[in-house]
>>> print(open('upload.cif').read())   # mmCIF, C-alpha atoms (C1' of nucleotides)
data_structure
loop_
_atom_site.label_atom_id
_atom_site.label_comp_id
_atom_site.auth_asym_id
_atom_site.auth_seq_id
_atom_site.Cartn_x
_atom_site.Cartn_y
_atom_site.Cartn_z
CA MET A 27 31.97 14.58 4.88
CA THR A 28 29.35 12.04 5.67
CA GLU A 29 29.35 9.24 3.21
CA PRO A 30 26.39 8.68 0.91
CA LEU A 31 23.44 6.76 2.21
CA ASP A 32 23.14 3.13 1.33
CA PRO A 33 20.40 3.04 -1.29
CA ASP A 34 19.39 -0.37 -0.05
CA MET A 35 19.21 0.42 3.60
CA PHE A 36 15.43 0.24 3.43
CA ASP A 37 15.16 -1.99 0.46
CA PRO A 38 11.62 -3.29 0.06
CA VAL A 39 13.08 -6.75 -0.06
CA CYS A 40 13.73 -6.54 3.64
CA PRO A 41 11.27 -8.04 6.08
CA SER A 42 9.74 -4.68 6.78
CA SER A 43 6.23 -5.93 6.64
CA ALA A 44 6.91 -8.25 9.53
CA MET A 45 8.48 -5.72 11.82
CA PRO A 46 6.36 -4.93 14.80
CA PHE A 47 7.80 -1.53 15.59
CA GLN A 48 7.08 1.87 14.30
CA ILE A 49 8.60 5.10 15.44
CA GLY A 50 6.39 8.04 14.77
CA ASP A 51 4.48 7.78 11.57
CA LYS A 52 5.30 5.55 8.68
CA TRP A 53 8.52 7.29 7.70
CA THR A 54 9.77 9.19 10.73
CA GLY A 55 11.86 6.40 12.14
CA MET A 56 13.60 5.72 8.87
CA ILE A 57 14.29 9.39 8.33
CA VAL A 58 15.85 9.67 11.75
CA ARG A 59 18.12 6.79 10.88
CA CYS A 60 19.05 8.43 7.60
CA LEU A 61 20.04 11.57 9.45
CA ALA A 62 22.01 9.76 12.11
CA ALA A 63 25.37 10.24 10.42
CA GLY A 64 24.89 13.89 9.63
CA PRO A 65 22.80 16.41 7.68
CA ARG A 66 21.20 15.31 4.45
CA ARG A 67 19.45 17.10 1.65
CA PHE A 68 15.97 16.50 0.41
CA THR A 69 16.81 14.41 -2.61
CA GLU A 70 19.44 12.54 -0.71
CA LEU A 71 16.77 11.29 1.63
CA ARG A 72 14.65 10.11 -1.23
CA VAL A 73 17.26 7.59 -2.26
CA PRO A 74 17.05 5.03 0.55
CA LEU A 75 13.38 5.76 1.16
CA ARG A 76 12.82 5.26 -2.54
CA THR A 77 9.08 4.73 -2.59
CA ILE A 78 8.36 7.92 -0.70
CA THR A 79 6.81 10.68 -2.75
CA PRO A 80 8.04 14.27 -2.49
CA LYS A 81 4.71 15.30 -1.09
CA VAL A 82 4.87 12.83 1.75
CA LEU A 83 8.53 13.48 2.44
CA THR A 84 7.81 17.17 2.68
CA ALA A 85 4.88 16.60 4.99
CA THR A 86 6.83 14.23 7.20
CA LEU A 87 9.82 16.53 7.45
CA ARG A 88 7.57 19.42 8.26
CA ALA A 89 5.91 17.51 11.05
CA MET A 90 9.32 16.54 12.36
CA ARG A 91 10.44 20.15 12.29
CA ARG A 92 7.36 21.25 14.10
CA ASP A 93 8.03 18.66 16.78
CA GLY A 94 11.60 19.79 17.13
CA LEU A 95 13.15 16.62 15.76
CA VAL A 96 14.94 18.15 12.80
CA THR A 97 16.10 21.53 11.60
CA ARG A 98 15.95 22.81 8.06
CA THR A 99 18.64 24.98 6.59
CA ALA A 100 18.28 26.52 3.16
CA TYR A 101 21.41 27.75 1.45
CA ASP A 102 21.08 30.59 -0.98
CA GLU A 103 22.79 28.93 -3.87
CA ASN A 104 22.04 27.92 -7.36
CA PRO A 105 20.82 25.27 -7.70
CA PRO A 106 19.07 25.55 -4.35
CA ARG A 107 20.29 23.45 -1.50
CA VAL A 108 18.43 22.52 1.65
CA GLU A 109 19.72 20.43 4.46
CA TYR A 110 17.94 18.60 7.22
CA GLU A 111 19.65 17.75 10.44
CA LEU A 112 18.70 16.05 13.65
CA THR A 113 18.25 18.19 16.72
CA GLU A 114 19.31 16.94 20.11
CA LEU A 115 15.75 15.81 20.62
CA GLY A 116 15.75 13.95 17.36
CA ARG A 117 19.08 12.43 18.18
CA SER A 118 17.73 11.16 21.46
CA MET A 119 15.39 8.91 19.53
CA LEU A 120 18.30 6.98 18.10
CA ILE A 121 18.78 4.82 21.16
CA LEU A 122 15.15 3.82 21.00
CA ILE A 123 15.43 3.01 17.35
CA ASP A 124 18.56 1.03 17.87
CA ALA A 125 16.87 -0.88 20.64
CA ALA A 126 13.94 -1.62 18.38
CA CYS A 127 16.28 -2.78 15.65
CA ALA A 128 18.11 -5.00 18.07
CA TRP A 129 14.89 -6.51 19.32
CA SER A 130 13.74 -7.19 15.80
CA GLU A 131 17.00 -8.69 14.82
CA GLN A 132 16.81 -11.03 17.76
CA TYR A 133 13.19 -12.03 17.68
CA LEU A 134 11.94 -11.56 14.18
CA PRO A 135 12.88 -15.11 13.22
CA ALA A 136 10.78 -16.35 16.10
CA ILE A 137 7.82 -14.33 14.89
CA LEU A 138 8.19 -15.58 11.36
CA GLU A 139 8.49 -19.11 12.64
CA ALA A 140 5.40 -18.74 14.83
CA ARG A 141 3.62 -17.35 11.84
CA ARG A 142 4.62 -20.22 9.68
CA ALA A 143 3.58 -22.73 12.30
CA SER A 144 0.27 -21.04 12.98
CA GLU A 145 -3.03 -22.18 11.59
CA LEU A 146 -4.44 -18.72 12.14
CA THR A 147 -5.15 -16.90 8.95
CA THR A 148 -6.06 -13.77 10.84
CA SER A 149 -8.77 -13.62 8.24
CA GLY A 150 -9.79 -10.04 8.06
CA GLU A 151 -6.60 -8.59 9.42
CA PRO A 152 -4.00 -9.98 7.03
CA GLU A 153 -0.46 -11.17 7.48
CA ARG A 154 0.94 -7.74 7.91
CA LEU A 155 2.19 -5.98 10.95
CA LYS A 156 2.93 -2.33 10.69
CA PRO A 157 5.98 -0.91 8.99
CA PRO A 158 9.60 -0.75 9.29
CA ILE A 159 12.50 0.08 11.40
CA THR A 160 15.16 -1.87 9.72
CA SER A 161 18.74 -2.64 10.44
CA ASN A 162 21.16 -3.29 7.68
CA SER A 163 22.24 -6.68 8.88
CA GLN A 164 18.62 -7.75 8.82
CA ILE A 165 18.25 -6.68 5.28
CA LYS A 166 21.33 -8.52 4.20
CA ALA A 167 20.35 -11.64 6.06
CA HIS A 168 16.96 -11.55 4.48
CA LYS A 169 18.36 -10.93 1.05
CA ALA A 170 20.64 -13.88 1.42
CA GLU A 171 17.68 -15.93 2.47
CA ILE A 172 15.39 -15.12 -0.40
CA THR A 173 18.14 -15.23 -2.99
CA ARG A 174 19.09 -18.73 -2.21
CA MET B 9 -4.52 -12.85 41.81
CA THR B 10 -3.58 -10.02 39.56
CA GLU B 11 -5.36 -6.87 40.45
CA PRO B 12 -7.86 -5.31 38.07
CA LEU B 13 -6.58 -3.10 35.32
CA ASP B 14 -6.68 0.62 35.81
CA PRO B 15 -9.56 1.74 33.63
CA ASP B 16 -7.77 4.99 33.01
CA MET B 17 -4.45 3.59 32.04
CA PHE B 18 -5.08 4.56 28.47
CA ASP B 19 -7.51 7.32 29.12
CA PRO B 20 -8.07 9.38 25.99
CA VAL B 21 -7.26 12.42 28.05
CA CYS B 22 -3.65 11.35 28.04
CA PRO B 23 -1.28 12.80 25.50
CA SER B 24 -1.51 9.75 23.32
CA SER B 25 -1.91 11.72 20.17
CA ALA B 26 1.46 13.28 20.70
CA MET B 27 3.36 10.09 21.37
CA PRO B 28 5.76 9.25 18.64
CA PHE B 29 6.00 5.55 19.27
CA GLN B 30 3.96 2.65 18.18
CA ILE B 31 4.59 -0.97 18.89
CA GLY B 32 3.03 -3.22 16.34
CA ASP B 33 -0.28 -1.98 15.11
CA LYS B 34 -2.45 0.55 16.80
CA TRP B 35 -3.36 -1.60 19.79
CA THR B 36 -0.68 -4.25 20.16
CA GLY B 37 1.57 -2.25 22.42
CA MET B 38 -1.22 -1.36 24.79
CA ILE B 39 -2.42 -4.91 24.92
CA VAL B 40 1.02 -6.15 25.80
CA ARG B 41 1.09 -3.70 28.65
CA CYS B 42 -2.31 -4.84 29.82
CA LEU B 43 -1.05 -8.40 29.93
CA ALA B 44 2.18 -7.56 31.69
CA ALA B 45 0.87 -8.40 35.15
CA GLY B 46 -0.76 -11.66 34.19
CA PRO B 47 -3.46 -13.27 32.08
CA ARG B 48 -6.58 -11.30 31.27
CA ARG B 49 -9.91 -12.10 29.75
CA PHE B 50 -11.43 -10.59 26.69
CA THR B 51 -13.77 -8.16 28.37
CA GLU B 52 -11.19 -7.27 30.93
CA LEU B 53 -9.00 -5.97 28.14
CA ARG B 54 -11.78 -3.87 26.77
CA VAL B 55 -11.87 -1.77 29.92
CA PRO B 56 -8.64 0.18 29.67
CA LEU B 57 -8.68 0.10 25.89
CA ARG B 58 -12.23 1.42 26.05
CA THR B 59 -12.62 2.70 22.52
CA ILE B 60 -11.60 -0.57 20.95
CA THR B 61 -14.39 -2.52 19.33
CA PRO B 62 -14.76 -6.28 19.86
CA LYS B 63 -14.08 -6.84 16.22
CA VAL B 64 -10.77 -5.06 16.31
CA LEU B 65 -9.77 -6.55 19.64
CA THR B 66 -10.45 -10.01 18.27
CA ALA B 67 -8.50 -9.32 15.14
CA THR B 68 -5.57 -7.85 17.04
CA LEU B 69 -5.44 -10.70 19.51
CA ARG B 70 -5.59 -13.18 16.69
CA ALA B 71 -2.70 -11.52 14.91
CA MET B 72 -0.77 -11.53 18.17
CA ARG B 73 -1.47 -15.20 18.64
CA ARG B 74 -0.38 -15.97 15.15
CA ASP B 75 2.86 -14.12 15.77
CA GLY B 76 3.44 -16.01 18.96
CA LEU B 77 3.00 -13.03 21.26
CA VAL B 78 0.05 -14.31 23.26
CA THR B 79 -1.71 -17.56 24.00
CA ARG B 80 -5.42 -18.08 24.24
CA THR B 81 -6.98 -20.44 26.75
CA ALA B 82 -10.69 -21.18 26.70
CA TYR B 83 -12.20 -22.67 29.85
CA ASP B 84 -15.24 -24.83 29.46
CA GLU B 85 -17.43 -23.02 31.88
CA ASN B 86 -20.66 -21.21 31.92
CA PRO B 87 -20.56 -18.33 31.29
CA PRO B 88 -17.64 -18.90 28.96
CA ARG B 89 -14.25 -17.70 30.01
CA VAL B 90 -11.25 -17.07 27.82
CA GLU B 91 -7.89 -15.87 28.95
CA TYR B 92 -5.06 -14.29 27.06
CA GLU B 93 -1.53 -14.45 28.30
CA LEU B 94 1.83 -13.22 27.11
CA THR B 95 4.28 -15.75 25.77
CA GLU B 96 7.96 -15.40 26.41
CA LEU B 97 8.23 -13.69 23.07
CA GLY B 98 5.47 -11.29 23.97
CA ARG B 99 7.06 -10.67 27.32
CA SER B 100 10.32 -9.78 25.63
CA MET B 101 8.63 -6.78 24.11
CA LEU B 102 8.05 -5.26 27.51
CA ILE B 103 11.55 -3.85 27.82
CA LEU B 104 11.08 -2.10 24.52
CA ILE B 105 7.76 -0.72 25.56
CA ASP B 106 9.11 0.42 28.88
CA ALA B 107 11.97 2.12 27.10
CA ALA B 108 9.52 3.85 24.79
CA CYS B 109 7.45 4.95 27.75
CA ALA B 110 10.50 6.27 29.50
CA TRP B 111 11.57 8.17 26.44
CA SER B 112 8.16 9.71 26.08
CA GLU B 113 7.98 10.64 29.68
CA GLN B 114 11.28 12.39 29.38
CA TYR B 115 10.90 14.12 26.06
CA LEU B 116 7.24 14.54 25.40
CA PRO B 117 7.17 17.92 27.12
CA ALA B 118 9.93 19.06 24.80
CA ILE B 119 7.92 17.95 21.79
CA LEU B 120 4.82 19.69 23.00
CA GLU B 121 6.81 22.80 23.69
CA ALA B 122 8.42 22.70 20.26
CA ARG B 123 5.00 22.27 18.81
CA ARG B 124 3.65 25.21 20.70
CA ALA B 125 6.55 27.37 19.68
CA SER B 126 6.43 26.35 16.06
CA GLU B 127 4.89 28.43 13.34
CA LEU B 128 4.52 25.33 11.23
CA THR B 129 0.96 24.35 10.75
CA THR B 130 2.03 21.21 8.96
CA SER B 131 -0.85 22.15 6.72
CA GLY B 132 -1.89 18.99 5.05
CA GLU B 133 -0.55 16.56 7.59
CA PRO B 134 -2.17 17.74 10.82
CA GLU B 135 -0.97 18.00 14.39
CA ARG B 136 -1.06 14.30 14.98
CA LEU B 137 1.69 11.85 15.38
CA LYS B 138 0.77 8.25 15.49
CA PRO B 139 -0.72 6.55 18.54
CA PRO B 140 0.01 5.54 21.95
CA ILE B 141 2.31 3.83 24.26
CA THR B 142 1.44 5.41 27.50
CA SER B 143 2.74 5.22 30.99
CA ASN B 144 0.52 5.81 33.95
CA SER B 145 2.55 8.60 35.42
CA GLN B 146 2.27 10.44 32.14
CA ILE B 147 -1.45 10.15 32.18
CA LYS B 148 -1.70 11.41 35.70
CA ALA B 149 0.66 14.27 35.05
CA HIS B 150 -1.32 15.25 32.04
CA LYS B 151 -4.60 15.00 33.84
CA ALA B 152 -3.29 17.22 36.57
CA GLU B 153 -2.23 19.65 33.92
CA ILE B 154 -5.47 19.95 32.09
CA THR B 155 -7.55 19.90 35.23
CA ARG B 156 -5.88 22.86 36.69
"C1'" DC C 8 -19.24 -13.66 28.05
"C1'" DA C 9 -16.73 -13.90 23.87
"C1'" DG C 10 -16.93 -13.19 19.89
"C1'" DA C 11 -18.90 -13.28 14.43
"C1'" DA C 12 -21.02 -10.83 10.59
"C1'" DT C 13 -21.99 -6.55 7.94
"C1'" DC C 14 -21.80 -2.20 6.53
"C1'" DC C 15 -19.59 2.01 6.02
"C1'" DT C 16 -16.52 6.06 6.68
"C1'" DC C 17 -12.51 8.48 6.96
"C1'" DC C 18 -8.14 9.72 5.67
"C1'" DC C 19 -3.43 8.26 4.83
"C1'" DG C 20 -0.55 8.46 1.41
"C1'" DG C 21 0.47 7.10 -3.54
"C1'" DA C 22 0.45 8.83 -8.56
"C1'" DT C 23 1.12 12.40 -11.50
"C1'" DA C 24 1.72 16.46 -12.86
"C1'" DC C 25 3.86 21.41 -12.50
"C1'" DT C 26 7.07 25.59 -10.70
"C1'" DG C 27 10.49 29.08 -8.49
"C1'" DC D 11 16.95 21.00 -6.78
"C1'" DA D 12 13.30 21.33 -3.66
"C1'" DG D 13 9.45 21.41 -3.37
"C1'" DT D 14 3.71 22.54 -4.47
"C1'" DA D 15 -0.89 21.35 -6.38
"C1'" DT D 16 -4.61 17.98 -7.35
"C1'" DC D 17 -6.75 13.94 -7.80
"C1'" DC D 18 -7.85 9.63 -6.07
"C1'" DG D 19 -8.08 4.64 -4.28
"C1'" DG D 20 -7.64 1.21 -0.59
"C1'" DG D 21 -7.88 -0.43 3.58
"C1'" DA D 22 -7.76 0.10 8.69
"C1'" DG D 23 -10.90 0.19 11.83
"C1'" DG D 24 -15.35 2.20 13.98
"C1'" DA D 25 -20.60 1.43 14.62
"C1'" DT D 26 -24.05 -1.67 14.97
"C1'" DT D 27 -26.36 -5.95 15.36
"C1'" DC D 28 -26.66 -10.74 16.39
"C1'" DT D 29 -25.40 -15.55 18.43
"C1'" DG D 30 -23.46 -19.98 20.85
#
>>> encode(input="upload.cif", output="structure tokens")
Amino acid sequence: MTEPLDPDMFDPVCPSSAMPFQIGDKWTGMIVRCLAAGPRRFTELRVPLRTITPKVLTATLRAMRRDGLVTRTAYDENPPRVEYELTELGRSMLILIDAACAWSEQYLPAILEARRASELTTSGEPERLKPPITSNSQIKAHKAEITR
Amino acid sequence: MTEPLDPDMFDPVCPSSAMPFQIGDKWTGMIVRCLAAGPRRFTELRVPLRTITPKVLTATLRAMRRDGLVTRTAYDENPPRVEYELTELGRSMLILIDAACAWSEQYLPAILEARRASELTTSGEPERLKPPITSNSQIKAHKAEITR
DNA sequence: CAGAATCCTCCCGGATACTG
DNA sequence: CAGTATCCGGGAGGATTCTG
């Protein structure tokens, strides 16, 4: 079996807010990563995504199904069980996501440094760049940084 | 000199709305592409981006400056002239963007087909996936398609 | 030409229930 | 467990106008 997802793989403590890449909508990229190792069930996905609401998760998964990125399989059991799995198309996004993670891992420090050094307040458009594709090593590095 | 930007390089007629990738915020990726061939001035950037408002362009460029992606050079002339140019950091994003473009070019038809074939209305979250990283060949292919 | 200043709208998506 | 049903606020970003 596929091992359980790391609950902290998208921990809000990670530098998500600084990451300049987004795959699909806000959650799609992260969901693809969660499904990389194998099929997952609805609630299982909610764990690492943590702040996602059922409504939004449902909507996102439905959009991904419609676009042929994931399949949904409902098992007639009790309690009900539903599994989501990447299609070939969905799987093909993984290389992109990995590339984005690699880029971020390499250059994010430079961005943060530039930001620190900058006088620009970006007044109006605040210090946020759109959401998160996050690699685990990043998260850990960042955790180590803020903990110290 | 660098040749003028193709006004249609981000033509709204292109399948932007179906593209599942976004670099930075809504416009950052496109701006990086516009600057790939060399420095550009403010108004020059407005041409291919067309629907962008000065306010948003200013804000986006400022955020990009703050993050060390572009530099701004103001020439003391009359009329005023300001040029934006990619930094090394900004330039490093190009490979990512190219990869995203390549992916889209390869798989976008599959997404559109899946979408066409799908019964899912995604009721609630509509038939849109977030914005645009767009390659020229895509645009032309799509134009040819809808024109016929 | 290169923005700054205002106002305003839309809609994403979060919160909080409830159900088969 | 795997969702649906409502309600609702905030903030990105468009439209418009004005200026050095």
>>> resolve_selection(input="upload.cif", expression="the PyMOL selection byres ((chain A) within 9 of (chain D))", output="MDAnalysis selection string")
chainID A and resid 68:69 80:81 84 104:108 151
>>> closest_atom_pairs(input="upload.cif", of="chain C", to="chain A", cutoff="12 Å", atoms="all atoms listed in the file", output="CSV")
residue,atom,partner,partner_atom,distance
C:DA11,C1',A:Gly150,CA,11.6
C:DA12,C1',A:Gly150,CA,11.5
C:DC19,C1',A:Lys52,CA,9.9
C:DG20,C1',A:Val82,CA,7.0
C:DG21,C1',A:Thr79,CA,7.3
C:DA22,C1',A:Thr79,CA,8.8
C:DT23,C1',A:Thr79,CA,10.6
C:DG27,C1',A:Pro106,CA,10.2
>>> interface_residues(input="upload.cif", of="chain A", to="chain B", cutoff="6 Å", atoms="all atoms listed in the file", output="list in words")
Pro46, Phe47, Gln48, Ile49, Gly50, Asp51, Arg88, Ala89, Arg92, Asp93, Gly94, Ile137, Ala140, Arg141, Ser144, Leu146, Thr148 and Lys156 of chain A
>>> atom_distance(input="upload.cif", atom1="CA of Val40 in chain B", atom2="CA of Val58 in chain A")
25.8 Å
>>> axis_aligned_box(input="upload.cif", around="range 108-115 of chain A", padding_each_side="5 Å", output="lines of an AutoDock Vina configuration file")
center_x = 17.7
center_y = 19.2
center_z = 11.1
size_x = 14.0
size_y = 16.7
size_z = 29.0
>>> closest_residue(input="upload.cif", among="A:Leu75, A:Cys127, A:Val96, A:Leu31", to="Met56 in chain A", atoms="all atoms listed in the file")
A:Leu75
>>> build_atoms(input="upload.cif", residues="range 92-103 of chain B", atoms="N, CA and C atoms", output="PDB file, in the coordinates of the input")
ATOM      1  N   TYR B  92      -6.211 -14.558  27.909  1.00  0.00           N
ATOM      2  CA  TYR B  92      -5.060 -14.290  27.060  1.00  0.00           C
ATOM      3  C   TYR B  92      -3.849 -14.032  27.937  1.00  0.00           C
ATOM      4  N   GLU B  93      -2.732 -14.573  27.483  1.00  0.00           N
ATOM      5  CA  GLU B  93      -1.530 -14.450  28.300  1.00  0.00           C
ATOM      6  C   GLU B  93      -0.318 -14.229  27.407  1.00  0.00           C
ATOM      7  N   LEU B  94       0.621 -13.463  27.891  1.00  0.00           N
ATOM      8  CA  LEU B  94       1.830 -13.220  27.110  1.00  0.00           C
ATOM      9  C   LEU B  94       2.688 -14.480  27.044  1.00  0.00           C
ATOM     10  N   THR B  95       3.249 -14.713  25.891  1.00  0.00           N
ATOM     11  CA  THR B  95       4.280 -15.750  25.770  1.00  0.00           C
ATOM     12  C   THR B  95       5.615 -15.133  26.175  1.00  0.00           C
ATOM     13  N   GLU B  96       6.632 -15.940  26.139  1.00  0.00           N
ATOM     14  CA  GLU B  96       7.960 -15.400  26.410  1.00  0.00           C
ATOM     15  C   GLU B  96       8.321 -14.335  25.375  1.00  0.00           C
ATOM     16  N   LEU B  97       7.981 -14.648  24.143  1.00  0.00           N
ATOM     17  CA  LEU B  97       8.230 -13.690  23.070  1.00  0.00           C
ATOM     18  C   LEU B  97       7.509 -12.373  23.333  1.00  0.00           C
ATOM     19  N   GLY B  98       6.244 -12.480  23.666  1.00  0.00           N
ATOM     20  CA  GLY B  98       5.470 -11.290  23.970  1.00  0.00           C
ATOM     21  C   GLY B  98       6.068 -10.529  25.142  1.00  0.00           C
ATOM     22  N   ARG B  99       6.486 -11.301  26.135  1.00  0.00           N
ATOM     23  CA  ARG B  99       7.060 -10.670  27.320  1.00  0.00           C
ATOM     24  C   ARG B  99       8.357  -9.927  26.993  1.00  0.00           C
ATOM     25  N   SER B 100       9.047 -10.420  25.989  1.00  0.00           N
ATOM     26  CA  SER B 100      10.320  -9.780  25.630  1.00  0.00           C
ATOM     27  C   SER B 100      10.113  -8.385  25.059  1.00  0.00           C
ATOM     28  N   MET B 101       8.884  -8.105  24.642  1.00  0.00           N
ATOM     29  CA  MET B 101       8.630  -6.780  24.110  1.00  0.00           C
ATOM     30  C   MET B 101       8.515  -5.737  25.213  1.00  0.00           C
ATOM     31  N   LEU B 102       8.315  -6.193  26.419  1.00  0.00           N
ATOM     32  CA  LEU B 102       8.050  -5.260  27.510  1.00  0.00           C
ATOM     33  C   LEU B 102       9.203  -4.276  27.730  1.00  0.00           C
ATOM     34  N   ILE B 103      10.438  -4.773  27.605  1.00  0.00           N
ATOM     35  CA  ILE B 103      11.550  -3.850  27.820  1.00  0.00           C
ATOM     36  C   ILE B 103      11.541  -2.731  26.798  1.00  0.00           C
TER      37      ILE B 103
END
